[in-house]
>>> print(open('coords-v4.txt').read())   # compact mmCIF, C-alpha atoms
# COMPACT_ATOMS: atom_id res chain seq x y z
CA MET A 44 -23.04 -15.63 -21.57
CA THR A 45 -20.50 -16.75 -24.09
CA GLU A 46 -17.70 -14.29 -23.27
CA ASN A 47 -15.25 -14.65 -20.37
CA LEU A 48 -15.00 -11.57 -18.18
CA PRO A 49 -11.97 -10.99 -15.94
CA PRO A 50 -12.34 -11.32 -12.16
CA CYS A 51 -12.65 -8.23 -10.00
CA PRO A 52 -9.19 -6.64 -9.39
CA ARG A 53 -10.20 -5.58 -5.87
CA CYS A 54 -11.79 -8.73 -4.39
CA SER A 55 -11.11 -11.39 -7.11
CA SER A 56 -14.80 -12.23 -7.49
CA ALA A 57 -15.61 -14.25 -10.60
CA TYR A 58 -19.16 -12.81 -10.85
CA THR A 59 -18.34 -9.64 -12.80
CA TYR A 60 -20.71 -8.24 -15.40
CA GLU A 61 -20.75 -5.48 -18.01
CA MET A 62 -22.71 -2.28 -17.57
CA GLY A 63 -22.18 -0.10 -20.61
CA ALA A 64 -18.45 0.49 -21.03
CA LEU A 65 -17.67 -0.56 -17.44
CA LEU A 66 -17.16 -3.89 -15.71
CA VAL A 67 -18.90 -4.18 -12.32
CA CYS A 68 -18.37 -6.49 -9.34
CA PRO A 69 -21.65 -7.30 -7.55
CA GLU A 70 -19.88 -8.43 -4.36
CA CYS A 71 -17.76 -5.35 -3.54
CA GLY A 72 -19.34 -2.77 -5.88
CA HIS A 73 -16.05 -1.95 -7.65
CA GLU A 74 -16.39 -0.54 -11.19
CA TRP A 75 -13.55 -0.39 -13.72
CA SER A 76 -12.97 0.06 -17.41
CA ALA A 77 -12.39 -3.03 -19.53
CA SER A 78 -9.57 -1.27 -21.43
CA ALA A 79 -7.87 -0.27 -18.15
CA ASP A 80 -8.09 -3.88 -16.98
CA SER A 81 -6.17 -5.18 -20.00
CA ALA A 82 -3.53 -2.45 -19.62
CA SER A 83 -3.00 -3.15 -15.92
CA GLY A 84 -2.70 -6.88 -16.57
CA ALA A 85 0.11 -6.23 -19.03
CA ALA A 86 1.89 -3.86 -16.62
CA GLY A 87 2.25 -6.54 -13.94
CA GLY A 88 0.91 -6.85 -10.43
CA GLU A 89 3.49 -4.78 -8.57
CA LYS A 90 2.08 -2.58 -5.86
CA VAL A 91 3.33 1.00 -5.70
CA ILE A 92 3.84 2.33 -2.17
CA LYS A 93 3.85 6.11 -1.69
CA ASP A 94 4.87 8.21 1.30
CA ALA A 95 2.80 10.89 3.07
CA VAL A 96 3.45 13.49 0.36
CA GLY A 97 3.07 11.19 -2.66
CA ASN A 98 6.67 10.19 -3.45
CA VAL A 99 7.16 6.59 -4.59
CA LEU A 100 9.18 4.54 -2.10
CA ALA A 101 11.65 1.76 -2.94
CA ASP A 102 13.74 -0.74 -0.98
CA GLY A 103 16.85 0.85 0.54
CA ASP A 104 15.44 4.40 0.71
CA THR A 105 15.98 6.73 3.65
CA VAL A 106 12.80 8.22 5.10
CA THR A 107 11.93 10.76 7.79
CA VAL A 108 9.07 10.30 10.28
CA VAL A 109 6.62 13.21 9.83
CA ARG A 110 4.79 13.01 13.17
CA THR A 111 5.50 11.69 16.65
CA LEU A 112 4.52 8.03 17.02
CA LYS A 113 3.63 6.16 20.20
CA VAL A 114 5.45 2.86 20.73
CA LYS A 115 4.05 0.18 23.02
CA GLY A 116 6.32 -0.53 25.97
CA SER A 117 8.34 2.62 25.54
CA PRO A 118 8.02 5.72 27.74
CA SER A 119 8.83 7.96 24.78
CA GLY A 120 7.77 7.46 21.20
CA ILE A 121 9.50 8.02 17.89
CA LYS A 122 9.83 11.78 17.49
CA ALA A 123 8.93 13.62 14.30
CA GLY A 124 12.05 14.19 12.19
CA THR A 125 13.69 10.86 13.07
CA LYS A 126 15.56 9.48 10.05
CA VAL A 127 15.17 5.81 9.21
CA ARG A 128 17.71 4.34 6.81
CA ASN A 129 17.59 1.31 4.52
CA ILE A 130 13.86 0.51 4.56
CA ARG A 131 12.31 -2.64 3.09
CA LEU A 132 8.83 -2.64 1.56
CA VAL A 133 6.65 -5.54 2.71
CA ASP A 134 3.02 -6.64 2.72
CA GLY A 135 2.50 -6.07 6.42
CA VAL A 136 -0.48 -6.27 8.74
CA ASP A 137 -2.93 -3.35 9.16
CA GLY A 138 -1.23 -1.14 6.56
CA HIS A 139 2.27 -1.41 8.04
CA ASP A 140 4.15 -1.68 4.75
CA ILE A 141 7.68 -0.59 5.74
CA ASP A 142 10.05 -2.90 7.61
CA CYS A 143 13.02 -1.08 9.19
CA LYS A 144 15.31 -0.56 12.17
CA VAL A 145 14.76 2.65 14.13
CA ASP A 146 17.74 3.88 16.16
CA GLY A 147 16.98 3.48 19.86
CA PHE A 148 13.94 1.25 19.27
CA GLY A 149 15.15 -1.65 17.11
CA PRO A 150 13.34 -3.46 14.31
CA MET A 151 9.70 -2.50 13.65
CA GLN A 152 7.14 -1.89 10.95
CA LEU A 153 5.83 1.54 9.98
CA LYS A 154 3.02 2.81 7.80
CA SER A 155 4.02 4.66 4.66
CA SER A 156 1.51 7.40 5.55
CA VAL A 157 3.67 8.59 8.50
CA VAL A 158 6.98 8.96 6.63
CA LYS A 159 8.37 11.05 3.81
CA LYS A 160 11.28 10.31 1.52
CA ALA A 161 14.48 12.04 2.67
>>> encode(input="coords-v4.txt", output="structure tokens")
Amino acid sequence: MTENLPPCPRCSSAYTYEMGALLVCPECGHEWSASADSASGAAGGEKVIKDAVGNVLADGDTVTVVRTLKVKGSPSGIKAGTKVRNIRLVDGVDGHDIDCKVDGFGPMQLKSSVVKKA
């Protein structure tokens, strides 16, 4: 092959190939459009984090917990409806992408799928 194909956007594999109008990764099976790849490369690599109802979250937002959460070492969990102020978006472990302080519990990380923007 004489042309250079971009690596897979999902797993970064260098072994991509063309199949019709699509680019395909043989390692993870991801398929994407070559035109979409060039557009996303120009847009930057920022990850968009959305809450449980699809609103885009940003640093400093106030969110509300949508369901009761269990907390290790605590007899009671975080109740649904608890407001959390001044969140920070992070690349956390196991999908925990919000770093915050919850009143009565202290600093912790939450998943964006259990909060909604207030």
>>> residues_near_point(input="coords-v4.txt", point="(17.3, 0.5, -1.8)", cutoff="9 Å", atoms="all atoms listed in the file", output="list in words")
Ala101, Asp102, Gly103, Asp104, Thr105, Asn129, Ile130 and Arg131 of chain A
>>> residues_around(input="coords-v4.txt", residues="A:Leu112", least_positions_apart="2", cutoff="12 Å", atoms="only C-alpha atoms", output="list in words")
Val108, Val109, Arg110, Val114, Lys115, Ser117, Pro118, Ser119, Gly120, Ile121, Lys122, Ala123, Gly124, Thr125, Val145, Phe148, Gln152, Leu153, Lys154, Ser156, Val157 and Val158 of chain A
>>> closest_residue(input="coords-v4.txt", among="A:Val91, A:Cys51, A:Ser56, A:Glu74", to="A:Val133", atoms="only C-alpha atoms")
A:Val91
>>> atom_distance(input="coords-v4.txt", atom1="atom CA of A:Gly116", atom2="atom CA of A:Ile141")
20.3 Å
>>> atom_distance(input="coords-v4.txt", atom1="atom CA of A:Pro150", atom2="atom CA of A:Val99")
22.3 Å
>>> residues_near_point(input="coords-v4.txt", point="(-13.1, -10.9, -16.7)", cutoff="10 Å", atoms="all atoms listed in the file", output="list in words")
Glu46, Asn47, Leu48, Pro49, Pro50, Cys51, Pro52, Ser55, Ser56, Ala57, Tyr58, Thr59, Tyr60, Glu61, Leu66, Val67, Ala77, Asp80 and Ser81 of chain A
>>> closest_residue(input="coords-v4.txt", among="A:Lys113, A:Val96, A:Val106, A:Cys71", to="A:Cys143", atoms="all atoms listed in the file")
A:Val106
>>> atom_distance(input="coords-v4.txt", atom1="atom CA of A:Lys160", atom2="atom CA of A:Asp142")
14.6 Å
>>> closest_residue(input="coords-v4.txt", among="A:Lys90, A:Lys144, A:Arg53, A:His73", to="A:Lys126", atoms="all atoms listed in the file")
A:Lys144
>>> axis_aligned_box(input="coords-v4.txt", around="stretch 124-133 of chain A", padding_each_side="8 Å", output="AutoDock Vina command-line options")
--center_x 12.2 --center_y 4.3 --center_z 7.3 --size_x 27.1 --size_y 35.7 --size_z 27.5
>>> closest_residue(input="coords-v4.txt", among="A:Pro69, A:Met151, A:Ile92, A:Ala161", to="A:Asp134", atoms="all atoms listed in the file")
A:Ile92
